[in-house]
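Since the structure comes first, as structure tokens, the remarks are kept for the end.
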Amino acid sequence: MAIEQGPPTADNPWPVALLGAKVRDWIDRLGTAWVEGEITQWNVAGGNVYGKLKDVEVDATVSFSIWSSVRSRVPADLKQGDRVVAAVKPNYWVKGGSLTMQVVEMKHVGLGDLLERLERLRRTLAAEGLFDPSRKKRLPFLPHRIGLITGKDSDAEKDVKRNAQLRWPQVEFRTVHTAVQGERTVGEVTAAIRELDADPTVDVIVIARGGGDFQNLLGFSDEGLVRAAAAANTPIVSAIGHEADRPILDEVADLRASTPTDAAKRVVPDVAEELANVRQARARLGLRLSHTLSVEADRLAALRSRPALASTAWLVDTRRKRSR
């Protein structure tokens, strides 16, 4: 290796190995840092774990490795999709020219920590008035086209469409398939809300998912997603299908449905019920009209039965007497 003599120049460049060694030494001085994120990749090979950790709010990802000597000290149930905090030490591999994060310790984010953060966000949004009943938009009585945001080939999609079309066969759907859990949820659902809101033929938007555990529903409490729903001009129905630990989307939506099936029933009127209501209304109008006509006919008959109207001869007799 050439001896370093001052900063590198075009005439006196550093060897690649020297540059790599300097980068490694500089990175080693960073020490260990605690980070939080979502596991988006978890591959086991030769007893070691190679994965990726994604920021929970912005699009930023780092690779990490857990050596077999450390793996025995981390929870055995860690998997892709989990939200974790980890103590990582940056490591630059000179031979391969790659940077990874060696995990020293990793654990699940405490449920209490997550609930506290969600509660702070909930208070912030409530203070801004995003939960106020006065800002919620009324759903159309009979939507011509429903925008549906849900997972592809999901039970939620089938439930919404089947129940809506049973109630009103002419109803139409514009469906946007998105991830409904995991790292892609926030970005895809947010984009779908904006896409359907920009479509003038869509009368109402239903966001449907068939329930799930607390961590799988975290995407529906993301601040960016929730604000996109609040900013939409089209009425939004949240049908996440989870009674406990309700996601913040439920609070911002114009209507919260307990399940996808409930969403279909509350968005689309039942054609049979509406026809029955029309028949009952017509029957009531007919009875009221018949009663009114009967009353007026009786009144006319009573007037005509009065002596003054029963015979007109008295008018002639009265005139005759006066003319004498």
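Chain labels run A, B, ... following the order of the structure tokens; each chain numbers its residues from 1, and ligands are numbered from 1 in the order shown.
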Against segment 229-233 of chain A, which residues of segment 137-201 of chain A fall within 10 Å? For each one I want the closest pair of atoms and the distance in Å (one decimal), counting only C-alpha atoms, rows by chain and increasing residue number, as a tab-separated table.
residue	atom	partner	partner_atom	distance
A:Lys137	CA	A:Asn233	CA	8.5
A:Val189	CA	A:Ala229	CA	9.7
A:Thr190	CA	A:Ala229	CA	7.8
A:Ile193	CA	A:Ala229	CA	6.7
A:Arg194	CA	A:Ala232	CA	7.2
A:Leu196	CA	A:Ala232	CA	9.3
A:Asp197	CA	A:Ala232	CA	6.1
A:Ala198	CA	A:Asn233	CA	8.7
Just to be explicit: take each residue in the selection above, keep N, CA and C atoms, and write the result as a PDB file, in the first residue's frame.
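As written to disk, result_13.pdb reads:
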ATOM      1  N   LYS A 137     -69.068  15.320   6.338  1.00  0.00           N
ATOM      2  CA  LYS A 137     -69.938  15.484   5.170  1.00  0.00           C
ATOM      3  C   LYS A 137     -71.012  14.397   5.156  1.00  0.00           C
ATOM      4  N   VAL A 189     -52.447   3.687   0.315  1.00  0.00           N
ATOM      5  CA  VAL A 189     -53.799   4.119   0.694  1.00  0.00           C
ATOM      6  C   VAL A 189     -53.937   5.629   0.542  1.00  0.00           C
ATOM      7  N   THR A 190     -52.901   6.369   0.928  1.00  0.00           N
ATOM      8  CA  THR A 190     -52.933   7.828   0.773  1.00  0.00           C
ATOM      9  C   THR A 190     -53.081   8.214  -0.693  1.00  0.00           C
ATOM     10  N   ILE A 193     -56.653   7.482  -1.907  1.00  0.00           N
ATOM     11  CA  ILE A 193     -57.626   8.484  -1.455  1.00  0.00           C
ATOM     12  C   ILE A 193     -57.599   9.689  -2.383  1.00  0.00           C
ATOM     13  N   ARG A 194     -56.408  10.164  -2.687  1.00  0.00           N
ATOM     14  CA  ARG A 194     -56.291  11.342  -3.546  1.00  0.00           C
ATOM     15  C   ARG A 194     -56.754  11.043  -4.968  1.00  0.00           C
ATOM     16  N   LEU A 196     -59.065   8.780  -5.981  1.00  0.00           N
ATOM     17  CA  LEU A 196     -60.524   8.665  -6.033  1.00  0.00           C
ATOM     18  C   LEU A 196     -61.201   9.999  -5.740  1.00  0.00           C
ATOM     19  N   ASP A 197     -60.608  10.793  -4.864  1.00  0.00           N
ATOM     20  CA  ASP A 197     -61.185  12.102  -4.548  1.00  0.00           C
ATOM     21  C   ASP A 197     -61.157  13.018  -5.775  1.00  0.00           C
ATOM     22  N   ALA A 198     -60.180  12.810  -6.649  1.00  0.00           N
ATOM     23  CA  ALA A 198     -60.072  13.639  -7.858  1.00  0.00           C
ATOM     24  C   ALA A 198     -61.004  13.175  -8.964  1.00  0.00           C
TER      25      ALA A 198
END
- Message: as a PyMOL selection string, please: every residue in segment 1-97 of chain A that a backbone DSSP assignment puts in strand (DSSP E).
- Response: chain A and resi 33-45+48-54+61-66+83-93
- Go ahead and compute the interatomic distance for atom CA of Glu57 of chain A and atom CA of Arg184 of chain A, in Å to one decimal.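 Straight-line distance from atom CA of Glu57 of chain A to atom CA of Arg184 of chain A works out to 11.4 Å.
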- Item | Filtered DSSP result for segment 10-218 of chain A, state alpha helix (DSSP H), as an MDAnalysis selection string | chainID A and resid 16:28 68:71 111:127 155:167 185:197
- Task: Find the residues near segment 166-179 of chain A: any atom within 8 Å, counting only C-alpha atoms, skip ones fewer than 5 places away on the same chain, and give them as a ChimeraX atom specification.
- Result: /A:143-152,161,184-185,188-189,192,202,265,268-272
- Message: I want to know what sits within 7 Å of Val237 of chain A, based on only C-alpha atoms, with residues of the same chain fewer than 3 positions away left out; could you give that as an MDAnalysis selection string?
- Response: chainID A and resid 205:207 253:257
- Tell me, as a ChimeraX atom specification, which residues lie within 9 Å of segment 47-55 of chain A, counting only C-alpha atoms; anything in the same chain fewer than 4 positions away does not count. /A:36-43,59-71,80,84,183
- How far is it from atom CA of Asp250 of chain A to atom CA of Gly81 of chain A, in Å with one decimal?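 It comes out at 22.3 Å.
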- Item | Best match for closeness to Lys158 of chain A among A:Gln280, A:Thr292, A:Thr261, A:Gln102, counting only C-alpha atoms |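 Among A:Gln280, A:Thr292, A:Thr261, A:Gln102, it is A:Thr261 that comes nearest to Lys158 of chain A.
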- Task: For each of A:Lys95, A:Arg279, A:Lys89, A:Arg122, take the minimum atom-to-atom distance to Ala21 of chain A, counting only C-alpha atoms, then give the residue where this is smallest.
- Result: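 Smallest separation from Ala21 of chain A among the options: A:Lys95.
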- Message: For Gly96 of chain A, find every residue with an atom within 12 Å (counting only C-alpha atoms), except residues of its own chain fewer than 2 positions away, and show them as a PyMOL selection string.
- Response: chain A and resi 16-17+20-21+24+91-94+98-100
Give me a file of those residues, with N, CA and C atoms, as a PDB file, in the first residue's frame.
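Generated file (part-v2.pdb):
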ATOM      1  N   VAL A  16      -7.698   2.355  -3.203  1.00  0.00           N
ATOM      2  CA  VAL A  16      -9.070   2.076  -2.746  1.00  0.00           C
ATOM      3  C   VAL A  16      -9.057   1.536  -1.327  1.00  0.00           C
ATOM      4  N   ALA A  17      -8.084   0.679  -1.026  1.00  0.00           N
ATOM      5  CA  ALA A  17      -8.028   0.093   0.310  1.00  0.00           C
ATOM      6  C   ALA A  17      -7.836   1.159   1.380  1.00  0.00           C
ATOM      7  N   GLY A  20     -11.125   2.944   1.825  1.00  0.00           N
ATOM      8  CA  GLY A  20     -12.037   2.083   2.577  1.00  0.00           C
ATOM      9  C   GLY A  20     -11.682   2.025   4.040  1.00  0.00           C
ATOM     10  N   ALA A  21     -10.377   1.950   4.342  1.00  0.00           N
ATOM     11  CA  ALA A  21      -9.957   1.893   5.735  1.00  0.00           C
ATOM     12  C   ALA A  21     -10.302   3.180   6.472  1.00  0.00           C
ATOM     13  N   ARG A  24     -14.006   3.151   7.100  1.00  0.00           N
ATOM     14  CA  ARG A  24     -14.297   2.219   8.195  1.00  0.00           C
ATOM     15  C   ARG A  24     -13.938   2.826   9.550  1.00  0.00           C
ATOM     16  N   ASN A  91     -21.249  -0.593  10.447  1.00  0.00           N
ATOM     17  CA  ASN A  91     -20.068  -1.360  10.087  1.00  0.00           C
ATOM     18  C   ASN A  91     -19.830  -1.241   8.578  1.00  0.00           C
ATOM     19  N   TYR A  92     -18.646  -0.795   8.238  1.00  0.00           N
ATOM     20  CA  TYR A  92     -18.283  -0.687   6.820  1.00  0.00           C
ATOM     21  C   TYR A  92     -17.347  -1.834   6.469  1.00  0.00           C
ATOM     22  N   TRP A  93     -17.755  -2.644   5.492  1.00  0.00           N
ATOM     23  CA  TRP A  93     -16.962  -3.794   5.061  1.00  0.00           C
ATOM     24  C   TRP A  93     -16.068  -3.339   3.914  1.00  0.00           C
ATOM     25  N   VAL A  94     -14.774  -3.244   4.191  1.00  0.00           N
ATOM     26  CA  VAL A  94     -13.842  -2.693   3.211  1.00  0.00           C
ATOM     27  C   VAL A  94     -13.777  -3.546   1.952  1.00  0.00           C
ATOM     28  N   SER A  98     -19.440  -2.181   1.380  1.00  0.00           N
ATOM     29  CA  SER A  98     -20.845  -2.035   1.767  1.00  0.00           C
ATOM     30  C   SER A  98     -20.957  -1.626   3.229  1.00  0.00           C
ATOM     31  N   LEU A  99     -22.033  -0.929   3.509  1.00  0.00           N
ATOM     32  CA  LEU A  99     -22.307  -0.460   4.870  1.00  0.00           C
ATOM     33  C   LEU A  99     -23.523  -1.187   5.401  1.00  0.00           C
ATOM     34  N   THR A 100     -23.392  -1.801   6.552  1.00  0.00           N
ATOM     35  CA  THR A 100     -24.528  -2.443   7.210  1.00  0.00           C
ATOM     36  C   THR A 100     -24.538  -2.021   8.673  1.00  0.00           C
TER      37      THR A 100
END
- Residue with smallest distance to Leu225 of chain A - pool A:Val186, A:Leu115, A:Val85, A:Ile240, counting only C-alpha atoms: A:Val186
- Message: Can you pull out the residues contacting Gln215 of chain A? Cut-off 12 Å, using only C-alpha atoms, and skip same-chain residues under 5 positions away; I want them as a PyMOL selection string.
- Response: chain A and resi 38+56+80-84+108-111+114-115+118+180-183+220-222+245-247
Residues of the last selection are to be written out with N, CA and C atoms, as a compact mmCIF listing (two decimals), in the first residue's frame.
# COMPACT_ATOMS: atom_id res chain seq x y z
N GLU A 38 -39.64 -0.24 11.35
CA GLU A 38 -40.42 -1.43 11.05
C GLU A 38 -39.57 -2.41 10.25
N VAL A 56 -40.70 4.70 10.23
CA VAL A 56 -42.15 4.55 10.33
C VAL A 56 -42.90 5.74 9.77
N GLN A 80 -40.96 -10.07 9.98
CA GLN A 80 -41.27 -8.97 9.08
C GLN A 80 -42.60 -8.32 9.45
N GLY A 81 -42.61 -7.00 9.47
CA GLY A 81 -43.83 -6.27 9.83
C GLY A 81 -43.83 -5.78 11.26
N ASP A 82 -42.92 -6.31 12.09
CA ASP A 82 -42.88 -5.89 13.49
C ASP A 82 -42.24 -4.50 13.61
N ARG A 83 -42.71 -3.76 14.57
CA ARG A 83 -42.12 -2.46 14.89
C ARG A 83 -41.18 -2.66 16.07
N VAL A 84 -39.92 -2.22 15.91
CA VAL A 84 -38.91 -2.54 16.90
C VAL A 84 -38.04 -1.33 17.20
N HIS A 108 -39.16 -5.53 20.67
CA HIS A 108 -40.41 -4.95 20.20
C HIS A 108 -40.60 -3.57 20.83
N VAL A 109 -41.20 -2.66 20.05
CA VAL A 109 -41.61 -1.38 20.64
C VAL A 109 -42.72 -1.68 21.63
N GLY A 110 -42.61 -1.13 22.81
CA GLY A 110 -43.62 -1.38 23.82
C GLY A 110 -44.98 -0.85 23.40
N LEU A 111 -46.02 -1.61 23.69
CA LEU A 111 -47.37 -1.20 23.35
C LEU A 111 -47.72 0.14 24.01
N LEU A 114 -46.35 3.01 21.90
CA LEU A 114 -47.14 3.26 20.70
C LEU A 114 -48.45 3.96 21.05
N LEU A 115 -49.09 3.48 22.09
CA LEU A 115 -50.38 4.08 22.48
C LEU A 115 -50.19 5.53 22.90
N LEU A 118 -49.78 7.61 19.73
CA LEU A 118 -51.06 7.75 19.05
C LEU A 118 -51.97 8.72 19.79
N VAL A 180 -52.89 -3.33 2.81
CA VAL A 180 -53.68 -2.91 3.98
C VAL A 180 -52.96 -3.24 5.28
N GLN A 181 -51.71 -3.66 5.18
CA GLN A 181 -50.83 -3.79 6.33
C GLN A 181 -49.39 -3.83 5.81
N GLY A 182 -48.47 -3.45 6.67
CA GLY A 182 -47.08 -3.45 6.26
C GLY A 182 -46.61 -2.10 5.77
N GLU A 183 -45.39 -2.07 5.27
CA GLU A 183 -44.72 -0.81 4.96
C GLU A 183 -45.36 -0.04 3.81
N PHE A 220 -53.27 2.91 9.53
CA PHE A 220 -54.50 3.70 9.46
C PHE A 220 -54.58 4.75 10.56
N SER A 221 -53.50 4.87 11.34
CA SER A 221 -53.36 5.97 12.29
C SER A 221 -52.20 6.87 11.90
N ASP A 222 -51.63 6.66 10.72
CA ASP A 222 -50.53 7.50 10.26
C ASP A 222 -51.02 8.92 10.01
N ASP A 245 -59.10 -0.41 20.19
CA ASP A 245 -57.95 0.34 19.67
C ASP A 245 -58.26 0.93 18.30
N ARG A 246 -59.35 1.64 18.20
CA ARG A 246 -59.79 2.17 16.92
C ARG A 246 -58.73 3.04 16.28
N PRO A 247 -58.41 2.80 15.00
CA PRO A 247 -57.43 3.66 14.32
C PRO A 247 -57.97 5.08 14.19
- Message: Just checking: using only C-alpha atoms, which residue out of A:Val23, A:Val267, A:Leu303, A:Val35 ends up closest to Gln165 of chain A?
- Response: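 Comparing A:Val23, A:Val267, A:Leu303, A:Val35 against Gln165 of chain A, the winner is A:Val267.
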- Item | Å distance separating atom CA of Lys22 of chain A from atom CA of Pro90 of chain A, one decimal place |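 Taking atom CA of Lys22 of chain A and atom CA of Pro90 of chain A, their separation equals 14.0 Å.
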